[in-house]
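**Q** Below is upload.cif; it holds mmCIF, C-alpha atoms.
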data_coords
loop_
_atom_site.label_atom_id
_atom_site.label_comp_id
_atom_site.auth_asym_id
_atom_site.auth_seq_id
_atom_site.Cartn_x
_atom_site.Cartn_y
_atom_site.Cartn_z
CA MET A 1 16.01 274.88 184.58
CA ASP A 2 13.78 271.83 184.17
CA ARG A 3 13.68 270.82 187.82
CA ALA A 4 12.01 274.01 189.06
CA SER A 5 11.84 274.30 192.83
CA PRO A 6 8.81 276.02 194.34
CA THR A 7 9.39 279.53 195.65
CA THR A 8 7.41 278.67 198.79
CA PRO A 9 7.93 275.61 201.03
CA HIS A 10 7.00 272.36 199.32
CA VAL A 11 5.38 270.22 201.98
CA THR A 12 3.82 267.38 199.99
CA SER A 13 5.35 264.64 197.92
CA MET A 14 3.89 262.10 195.49
CA THR A 15 4.67 259.93 192.49
CA TRP A 16 2.99 260.36 189.08
CA ARG A 17 2.40 257.11 187.20
CA ASP A 18 0.86 255.93 183.91
CA GLY A 19 0.03 259.42 182.68
CA LEU A 20 -1.10 260.65 179.29
CA PHE A 21 -0.94 264.19 177.88
CA ILE A 22 -3.73 264.69 175.32
CA HIS A 23 -3.65 268.06 173.56
CA TRP A 24 -5.91 269.65 170.97
CA PRO A 25 -5.30 272.98 169.19
CA VAL A 26 -8.24 275.39 169.30
CA ASP A 27 -9.02 278.88 168.06
CA PRO A 28 -7.76 281.37 170.70
CA ASP A 29 -10.76 283.62 170.09
CA ALA A 30 -13.08 280.74 170.97
CA LEU A 31 -11.18 279.89 174.16
CA ARG A 32 -10.35 283.36 175.44
CA PRO A 33 -13.85 284.10 176.88
CA HIS A 34 -13.37 281.11 179.21
CA ILE A 35 -10.20 282.57 180.77
CA PRO A 36 -10.38 284.98 183.75
CA ASP A 37 -9.49 288.58 182.92
CA GLN A 38 -6.46 288.51 185.22
CA LEU A 39 -4.75 285.94 183.00
CA THR A 40 -3.40 286.10 179.46
CA LEU A 41 -4.17 283.13 177.24
CA GLU A 42 -1.04 281.80 175.54
CA ALA A 43 -0.86 280.49 172.00
CA TRP A 44 1.69 278.51 169.98
CA ASP A 45 1.93 279.50 166.32
CA GLY A 46 -1.42 281.24 166.59
CA ARG A 47 -3.26 278.34 168.22
CA ALA A 48 -4.35 277.90 171.82
CA TRP A 49 -4.24 274.41 173.29
CA LEU A 50 -6.60 272.41 175.49
CA GLY A 51 -5.15 269.55 177.51
CA VAL A 52 -6.83 266.51 179.07
CA LEU A 53 -4.51 264.55 181.36
CA PRO A 54 -5.40 261.19 182.94
CA PHE A 55 -2.86 259.80 185.42
CA VAL A 56 -2.40 258.06 188.76
CA LEU A 57 -0.82 259.55 191.88
CA THR A 58 0.71 257.21 194.44
CA ASN A 59 2.53 257.72 197.75
CA VAL A 60 0.69 261.03 198.23
CA GLY A 61 1.17 262.75 201.57
CA VAL A 62 3.09 265.20 203.70
CA ARG A 63 6.83 264.91 203.18
CA GLY A 64 8.52 262.77 205.80
CA THR A 65 5.38 260.91 206.87
CA PRO A 66 5.33 257.09 206.92
CA SER A 67 4.05 255.10 203.96
CA ILE A 68 1.05 253.82 205.94
CA THR A 69 -0.38 257.35 205.88
CA ARG A 70 0.06 257.83 202.12
CA LEU A 71 -2.72 257.75 199.52
CA ALA A 72 -3.10 256.60 195.92
CA PHE A 73 -5.81 257.66 193.47
CA GLY A 74 -6.55 258.51 189.86
CA GLU A 75 -6.76 262.08 188.62
CA LEU A 76 -8.03 263.71 185.44
CA ASN A 77 -7.22 267.34 184.55
CA VAL A 78 -8.62 269.70 181.93
CA ARG A 79 -6.35 272.71 181.44
CA THR A 80 -4.93 275.38 179.18
CA TYR A 81 -1.84 277.57 179.06
CA VAL A 82 -1.67 281.11 180.39
CA ARG A 83 0.56 283.86 181.73
CA TYR A 84 0.19 286.05 184.78
CA ARG A 85 2.41 289.14 184.94
CA GLY A 86 4.54 287.59 182.23
CA HIS A 87 5.05 284.27 184.03
CA PRO A 88 3.84 281.08 182.30
CA GLY A 89 1.51 278.70 184.07
CA LEU A 90 -1.60 276.57 183.93
CA PHE A 91 -5.28 277.37 184.24
CA PHE A 92 -7.46 274.44 185.25
CA PHE A 93 -11.05 274.16 184.06
CA SER A 94 -11.59 271.02 186.14
CA ILE A 95 -9.69 268.51 188.24
CA ASP A 96 -11.44 265.19 188.83
CA VAL A 97 -10.06 263.07 191.66
CA GLY A 98 -10.85 259.48 192.57
CA ASN A 99 -10.74 260.17 196.33
CA ALA A 100 -13.49 262.09 198.13
CA PHE A 101 -11.28 263.31 200.99
CA VAL A 102 -8.58 264.63 198.65
CA ALA A 103 -11.14 266.31 196.40
CA ALA A 104 -12.73 268.18 199.31
CA THR A 105 -9.42 269.12 200.96
CA VAL A 106 -7.65 270.34 197.83
CA GLY A 107 -10.72 272.24 196.65
CA ARG A 108 -10.93 274.18 199.91
CA ALA A 109 -7.18 274.83 200.11
CA THR A 110 -6.60 275.98 196.54
CA ARG A 111 -9.87 277.36 195.10
CA LEU A 112 -9.28 275.05 192.17
CA PRO A 113 -12.34 273.40 190.55
CA VAL A 114 -11.82 269.97 192.12
CA TYR A 115 -14.50 267.28 191.82
CA ARG A 116 -14.98 263.79 193.19
CA ALA A 117 -15.22 261.20 190.41
CA ARG A 118 -15.54 257.45 190.32
CA MET A 119 -12.39 256.12 188.67
CA GLN A 120 -11.08 252.77 187.52
CA VAL A 121 -7.50 252.41 186.30
CA GLY A 122 -6.00 249.11 185.24
CA ALA A 123 -3.86 247.28 182.72
CA THR A 124 -5.41 245.50 179.76
CA GLN A 125 -2.13 243.96 178.59
CA ALA A 126 1.58 244.72 178.80
CA ASN A 127 2.11 248.50 178.94
CA HIS A 128 -1.54 249.23 178.09
CA VAL A 129 -3.46 251.45 180.54
CA ALA A 130 -7.26 251.47 180.75
CA PHE A 131 -8.51 254.68 182.41
CA HIS A 132 -12.17 255.32 183.20
CA SER A 133 -13.57 258.33 185.07
CA GLU A 134 -17.19 259.26 185.71
CA ARG A 135 -18.35 262.34 187.60
CA GLN A 136 -22.02 262.19 188.50
CA ALA A 137 -24.25 265.19 189.11
CA GLY A 138 -24.71 265.89 192.80
CA GLU A 139 -21.44 264.40 194.07
CA THR A 140 -20.51 267.87 195.32
CA ALA A 141 -21.84 271.39 194.79
CA ASN A 142 -21.95 272.62 191.17
CA ASP A 143 -21.24 269.17 189.74
CA VAL A 144 -22.24 268.41 186.18
CA PRO A 145 -21.91 264.90 184.71
CA ALA A 146 -18.58 264.28 182.99
CA ARG A 147 -17.08 261.07 181.61
CA PHE A 148 -13.76 259.98 180.19
CA ASP A 149 -12.79 256.52 179.00
CA ALA A 150 -9.56 255.70 177.16
CA THR A 151 -7.00 252.99 176.57
CA TYR A 152 -3.41 254.02 175.88
CA HIS A 153 0.17 252.84 175.86
CA PRO A 154 3.66 254.15 175.08
CA ASP A 155 4.80 253.67 171.51
CA GLY A 156 8.41 254.79 171.24
CA GLU A 157 11.60 255.70 173.05
CA VAL A 158 11.76 257.97 176.09
CA VAL A 159 12.83 261.53 175.27
CA THR A 160 13.25 264.78 177.14
CA ALA A 161 11.52 267.61 175.31
CA ASP A 162 13.91 270.37 174.25
CA ALA A 163 13.21 274.00 175.13
CA GLY A 164 11.65 275.79 172.20
CA THR A 165 9.61 272.78 171.06
CA LEU A 166 5.84 272.42 171.28
CA ALA A 167 6.15 269.35 173.53
CA HIS A 168 8.23 271.34 176.03
CA TRP A 169 5.87 274.32 175.86
CA LEU A 170 2.87 272.09 176.64
CA THR A 171 4.39 270.01 179.42
CA ALA A 172 7.15 271.99 181.18
CA ARG A 173 4.85 274.05 183.38
CA ARG A 174 5.28 274.09 187.14
CA ARG A 175 2.71 276.62 188.35
CA PHE A 176 -1.07 277.05 188.36
CA TYR A 177 -3.07 280.25 188.68
CA ALA A 178 -6.52 280.45 190.25
CA PRO A 179 -7.90 284.04 190.15
CA ASP A 180 -10.62 285.21 192.49
CA ALA A 181 -11.87 288.71 193.42
CA GLY A 182 -8.71 290.80 193.57
CA THR A 183 -6.18 288.04 194.25
CA VAL A 184 -4.66 285.16 192.34
CA LEU A 185 -3.81 281.94 194.14
CA THR A 186 -0.79 280.06 192.85
CA GLY A 187 0.90 276.79 193.67
CA GLU A 188 3.97 275.06 192.28
CA ILE A 189 5.46 271.61 191.83
CA ALA A 190 9.06 270.45 191.49
CA HIS A 191 10.16 267.40 189.53
CA ASP A 192 12.72 266.17 187.02
CA PRO A 193 12.07 266.59 183.28
CA TRP A 194 9.18 264.52 181.98
CA PRO A 195 10.21 261.11 180.51
CA LEU A 196 7.98 261.63 177.46
CA GLN A 197 7.19 258.90 174.96
CA PRO A 198 5.08 258.89 171.81
CA ALA A 199 1.79 257.19 172.60
CA THR A 200 -1.09 255.38 170.99
CA ALA A 201 -4.43 256.26 172.54
CA THR A 202 -7.99 255.17 171.85
CA ILE A 203 -10.49 257.56 173.40
CA HIS A 204 -13.74 255.65 173.82
CA GLU A 205 -15.63 258.53 175.44
CA ASN A 206 -14.76 262.09 176.40
CA THR A 207 -17.28 264.63 177.65
CA MET A 208 -14.75 266.57 179.72
CA LEU A 209 -14.57 269.50 177.30
CA SER A 210 -18.32 269.83 176.80
CA ALA A 211 -18.88 269.52 180.58
CA ASN A 212 -16.71 272.63 180.95
CA ASP A 213 -18.54 274.38 178.07
CA LEU A 214 -15.30 274.54 176.09
CA PRO A 215 -14.85 274.71 172.31
CA THR A 216 -14.98 271.41 170.46
CA PRO A 217 -11.59 270.67 168.84
CA THR A 218 -11.32 269.32 165.33
CA GLY A 219 -8.71 266.86 164.19
CA ASP A 220 -6.64 264.29 166.02
CA PRO A 221 -4.95 265.15 169.31
CA LEU A 222 -1.24 265.24 170.07
CA VAL A 223 -0.49 262.58 172.70
CA HIS A 224 2.48 261.85 174.94
CA TYR A 225 2.91 259.18 177.62
CA ALA A 226 4.86 259.73 180.86
CA ASP A 227 5.52 256.69 183.00
CA GLU A 228 6.80 257.67 186.46
CA VAL A 229 7.96 260.94 188.03
CA SER A 230 8.54 261.86 191.69
CA MET A 231 7.15 265.28 192.65
CA ALA A 232 7.00 267.77 195.50
CA GLY A 233 4.24 270.35 195.90
CA SER A 234 4.36 273.81 197.46
CA VAL A 235 2.09 275.62 199.87
CA PRO A 236 -0.43 277.68 197.85
CA ARG A 237 0.07 281.44 198.16
CA ARG A 238 -1.90 284.54 197.20
CA LEU A 239 -0.64 287.10 194.71
CA GLU A 240 -2.16 290.57 194.91
CA HIS A 241 -3.68 291.54 191.58
#
Transcribe the structure of this file into structure tokens.
**A**
Amino acid sequence: MDRASPTTPHVTSMTWRDGLFIHWPVDPDALRPHIPDQLTLEAWDGRAWLGVLPFVLTNVGVRGTPSITRLAFGELNVRTYVRYRGHPGLFFFSIDVGNAFVAATVGRATRLPVYRARMQVGATQANHVAFHSERQAGETANDVPARFDATYHPDGEVVTADAGTLAHWLTARRRFYAPDAGTVLTGEIAHDPWPLQPATATIHENTMLSANDLPTPTGDPLVHYADEVSMAGSVPRRLEH
């Protein structure tokens, strides 16, 4: 079922806008040492995948609260694809957020590696998104500098990825896992299927993988654009390991 509802109460709501999925295949043996032992790294046709996702979140807040209390900010994720007890999910290497309050709050609540970054998101021309993110050392504890700068736009018709395809495998994930000392924290989102489009992307700078000490991919990435999706997020919960 594509619109997966969280198994715990979903108390937040938001809208994803102007997002890009950038995926590179990598050698699983090179990536596996970067994955916590509690999780199993997943592969597609013998290759693991690293994802970098720039996007904007708008109307972010507690469900039912007035619009005046809602927030909007850019976000940039670095992630890969895992299983925990047989259940597919996401493992985040870093989450950069263009809002200091959100970065601090989400980091404390989820144990995810959330960082404050300085972000600029705008339109260069019709349907072209310019996304710039810069994380400076010392913004918060354990920060290392990390930069991402890209221009991208949709370049084809909207499609819904079919189950059993690589595009579905990479994007249709609703749960993250964050292991720590005997427990695994998980959280979930609910939303309609992604309105995916082929995309053209020019990556001017990307140090997000090296900042996380991850393997350097070779070859061109697989890219998909997703315009707008309404989402609801669950309360994080702990799973006993």
**Q** Please tabulate, as CSV, the residues of segment 8-74 of chain A that come within 12 Å of segment 159-166 of chain A, each with its closest pair of atoms and the distance in Å to one decimal, counting all atoms listed in the file and ordering rows by chain, then residue number upward.
**A**
residue,atom,partner,partner_atom,distance
A:His23,CA,A:Leu166,CA,10.7
A:Pro25,CA,A:Leu166,CA,11.3
A:Ala43,CA,A:Leu166,CA,10.5
A:Trp44,CA,A:Leu166,CA,7.5
A:Asp45,CA,A:Leu166,CA,9.5
A:Arg47,CA,A:Leu166,CA,11.3
A:Ala48,CA,A:Leu166,CA,11.6
A:Trp49,CA,A:Leu166,CA,10.5
**Q** Pick from A:Leu71, A:Val26, A:Ala130, A:Ile35: nearest to Phe91 of chain A, with all atoms listed in the file counted?
**A**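 Of all the options, A:Ile35 lies closest to Phe91 of chain A.
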**Q** Show which residues sit within 9 Å of Val62 of chain A, as a list in words. Count all atoms listed in the file, and ignore same-chain residues fewer than 5 positions away.
**A**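 Using all atoms listed in the file, the neighbours found are Val11, Thr12, Ser13, Met14, Thr69 and Arg70 of chain A.
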**Q** As a VMD selection string, please: the residues near His132 of chain A (cut-off 7 Å, all atoms listed in the file, same-chain neighbours under 4 positions excluded).
**A** chain A and resid 119 to 121 148 to 150
**Q** Enter the distance from atom CA of Asn127 of chain A to atom CA of Thr58 of chain A, in Å, rounded to one decimal.
**A**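 So the answer is 17.8 Å.
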**Q** When the PyMOL selection byres ((chain A and resi 155) around 10) is applied to the file above, which residues end up in the set, as a list in words?
**A**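 Taken on the displayed file, the PyMOL selection byres ((chain A and resi 155) around 10) yields the residues Asn127, Tyr152, His153, Pro154, Gly156, Glu157, Val158, Gln197, Pro198, Ala199, Thr200, Ala201, His224 and Tyr225 of chain A.
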**Q** Measuring between all atoms listed in the file, which one of A:Ala137, A:Leu170, A:Val106, A:Val229 shows the shortest distance to His191 of chain A?
**A**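 That would be A:Val229, the residue with the smallest distance to His191 of chain A.
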**Q** Would you write out, as a ChimeraX atom specification, every residue that the PyMOL selection byres ((chain A and resi 28-33) around 12) captures in this file?
**A** /A:24-27,34-50,79-82,91,93,209,212-217
**Q** I want to know what sits within 7 Å of Tyr115 of chain A, based on all atoms listed in the file, with residues of the same chain fewer than 3 positions away left out; could you give that as a list in words?
**A**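 Here the qualifying residues turn out to be Ile95, Asp96, Val97, Ala103 and Thr140 of chain A.
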**Q** Spell out the residues picked by the PyMOL selection byres ((chain A and resi 174) around 6) here, as a PDB file with C-alpha atoms, keeping the file's coordinate frame.
**A**
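Printed below is expr_18.pdb as written:
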ATOM      1  CA  ARG A 173       4.850 274.050 183.380  1.00  0.00           C
ATOM      2  CA  ARG A 175       2.710 276.620 188.350  1.00  0.00           C
ATOM      3  CA  GLU A 188       3.970 275.060 192.280  1.00  0.00           C
ATOM      4  CA  ILE A 189       5.460 271.610 191.830  1.00  0.00           C
TER       5      ILE A 189
END
**Q** Using only the atoms of segment 73-89 of chain A listed in the file, plus 6 Å on each side, state the axis-aligned box centre and edge lengths in Å rounded to one decimal, as JSON.
**A**
{"center_x": -1.8, "center_y": 273.4, "center_z": 186.3, "size_x": 25.7, "size_y": 43.5, "size_z": 26.4}
**Q** Counting only C-alpha atoms, which of A:Val144, A:Val78, A:Ala226, A:Ala109 gets nearest to Arg17 of chain A?
**A**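 Of A:Val144, A:Val78, A:Ala226, A:Ala109, the one nearest Arg17 of chain A is A:Ala226, counting only C-alpha atoms.
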**Q** At a cut-off of 7 Å, using all atoms listed in the file, what residues contact Pro54 of chain A? Leave out same-chain residues fewer than 4 positions from it and give the result as a ChimeraX atom specification.
**A** /A:19-20,75-77
**Q** How would segment 96-107 of chain A read, as a PDB file, in the coordinates of the input, once all heavy atoms are built in?
**A**
ATOM      1  N   ASP A  96     -10.661 266.294 188.273  1.00  0.00           N
ATOM      2  CA  ASP A  96     -11.440 265.190 188.830  1.00  0.00           C
ATOM      3  C   ASP A  96     -10.502 264.254 189.574  1.00  0.00           C
ATOM      4  O   ASP A  96      -9.431 263.906 189.070  1.00  0.00           O
ATOM      5  CB  ASP A  96     -12.173 264.446 187.720  1.00  0.00           C
ATOM      6  CG  ASP A  96     -13.363 265.225 187.194  1.00  0.00           C
ATOM      7  OD1 ASP A  96     -13.189 266.407 186.832  1.00  0.00           O
ATOM      8  OD2 ASP A  96     -14.460 264.667 187.163  1.00  0.00           O
ATOM      9  N   VAL A  97     -10.903 263.859 190.776  1.00  0.00           N
ATOM     10  CA  VAL A  97     -10.060 263.070 191.660  1.00  0.00           C
ATOM     11  C   VAL A  97     -10.843 261.853 192.140  1.00  0.00           C
ATOM     12  O   VAL A  97     -12.011 261.975 192.520  1.00  0.00           O
ATOM     13  CB  VAL A  97      -9.591 263.912 192.871  1.00  0.00           C
ATOM     14  CG1 VAL A  97      -8.780 263.070 193.845  1.00  0.00           C
ATOM     15  CG2 VAL A  97      -8.767 265.095 192.405  1.00  0.00           C
ATOM     16  N   GLY A  98     -10.196 260.710 192.146  1.00  0.00           N
ATOM     17  CA  GLY A  98     -10.850 259.480 192.570  1.00  0.00           C
ATOM     18  C   GLY A  98     -10.765 259.238 194.061  1.00  0.00           C
ATOM     19  O   GLY A  98     -10.689 258.077 194.494  1.00  0.00           O
ATOM     20  N   ASN A  99     -10.781 260.288 194.873  1.00  0.00           N
ATOM     21  CA  ASN A  99     -10.740 260.170 196.330  1.00  0.00           C
ATOM     22  C   ASN A  99     -11.528 261.336 196.913  1.00  0.00           C
ATOM     23  O   ASN A  99     -11.165 262.498 196.697  1.00  0.00           O
ATOM     24  CB  ASN A  99      -9.290 260.192 196.820  1.00  0.00           C
ATOM     25  CG  ASN A  99      -9.165 260.053 198.323  1.00  0.00           C
ATOM     26  OD1 ASN A  99      -9.563 260.932 199.081  1.00  0.00           O
ATOM     27  ND2 ASN A  99      -8.591 258.939 198.768  1.00  0.00           N
ATOM     28  N   ALA A 100     -12.600 261.054 197.635  1.00  0.00           N
ATOM     29  CA  ALA A 100     -13.490 262.090 198.130  1.00  0.00           C
ATOM     30  C   ALA A 100     -12.794 263.024 199.111  1.00  0.00           C
ATOM     31  O   ALA A 100     -12.986 264.246 199.078  1.00  0.00           O
ATOM     32  CB  ALA A 100     -14.715 261.457 198.796  1.00  0.00           C
ATOM     33  N   PHE A 101     -11.972 262.477 200.002  1.00  0.00           N
ATOM     34  CA  PHE A 101     -11.280 263.310 200.990  1.00  0.00           C
ATOM     35  C   PHE A 101     -10.320 264.274 200.312  1.00  0.00           C
ATOM     36  O   PHE A 101     -10.280 265.473 200.637  1.00  0.00           O
ATOM     37  CB  PHE A 101     -10.521 262.417 201.976  1.00  0.00           C
ATOM     38  CG  PHE A 101      -9.588 263.168 202.886  1.00  0.00           C
ATOM     39  CD1 PHE A 101     -10.076 263.901 203.955  1.00  0.00           C
ATOM     40  CD2 PHE A 101      -8.213 263.163 202.649  1.00  0.00           C
ATOM     41  CE1 PHE A 101      -9.215 264.614 204.789  1.00  0.00           C
ATOM     42  CE2 PHE A 101      -7.355 263.864 203.470  1.00  0.00           C
ATOM     43  CZ  PHE A 101      -7.859 264.594 204.551  1.00  0.00           C
ATOM     44  N   VAL A 102      -9.539 263.774 199.358  1.00  0.00           N
ATOM     45  CA  VAL A 102      -8.580 264.630 198.650  1.00  0.00           C
ATOM     46  C   VAL A 102      -9.306 265.707 197.857  1.00  0.00           C
ATOM     47  O   VAL A 102      -8.913 266.875 197.861  1.00  0.00           O
ATOM     48  CB  VAL A 102      -7.686 263.789 197.735  1.00  0.00           C
ATOM     49  CG1 VAL A 102      -6.815 264.676 196.859  1.00  0.00           C
ATOM     50  CG2 VAL A 102      -6.818 262.855 198.566  1.00  0.00           C
ATOM     51  N   ALA A 103     -10.385 265.337 197.184  1.00  0.00           N
ATOM     52  CA  ALA A 103     -11.140 266.310 196.400  1.00  0.00           C
ATOM     53  C   ALA A 103     -11.636 267.459 197.273  1.00  0.00           C
ATOM     54  O   ALA A 103     -11.499 268.636 196.920  1.00  0.00           O
ATOM     55  CB  ALA A 103     -12.307 265.632 195.687  1.00  0.00           C
ATOM     56  N   ALA A 104     -12.202 267.139 198.423  1.00  0.00           N
ATOM     57  CA  ALA A 104     -12.730 268.180 199.310  1.00  0.00           C
ATOM     58  C   ALA A 104     -11.610 269.022 199.900  1.00  0.00           C
ATOM     59  O   ALA A 104     -11.705 270.257 199.970  1.00  0.00           O
ATOM     60  CB  ALA A 104     -13.554 267.531 200.427  1.00  0.00           C
ATOM     61  N   THR A 105     -10.519 268.400 200.309  1.00  0.00           N
ATOM     62  CA  THR A 105      -9.420 269.120 200.960  1.00  0.00           C
ATOM     63  C   THR A 105      -8.703 270.041 199.983  1.00  0.00           C
ATOM     64  O   THR A 105      -8.460 271.216 200.285  1.00  0.00           O
ATOM     65  CB  THR A 105      -8.417 268.120 201.559  1.00  0.00           C
ATOM     66  OG1 THR A 105      -9.093 267.275 202.492  1.00  0.00           O
ATOM     67  CG2 THR A 105      -7.288 268.855 202.264  1.00  0.00           C
ATOM     68  N   VAL A 106      -8.368 269.526 198.812  1.00  0.00           N
ATOM     69  CA  VAL A 106      -7.650 270.340 197.830  1.00  0.00           C
ATOM     70  C   VAL A 106      -8.534 271.464 197.313  1.00  0.00           C
ATOM     71  O   VAL A 106      -8.072 272.593 197.112  1.00  0.00           O
ATOM     72  CB  VAL A 106      -7.147 269.457 196.670  1.00  0.00           C
ATOM     73  CG1 VAL A 106      -6.538 270.309 195.571  1.00  0.00           C
ATOM     74  CG2 VAL A 106      -6.132 268.447 197.182  1.00  0.00           C
ATOM     75  N   GLY A 107      -9.812 271.192 197.103  1.00  0.00           N
ATOM     76  CA  GLY A 107     -10.720 272.240 196.650  1.00  0.00           C
ATOM     77  C   GLY A 107     -10.788 273.404 197.613  1.00  0.00           C
ATOM     78  O   GLY A 107     -10.756 274.573 197.205  1.00  0.00           O
TER      79      GLY A 107
END
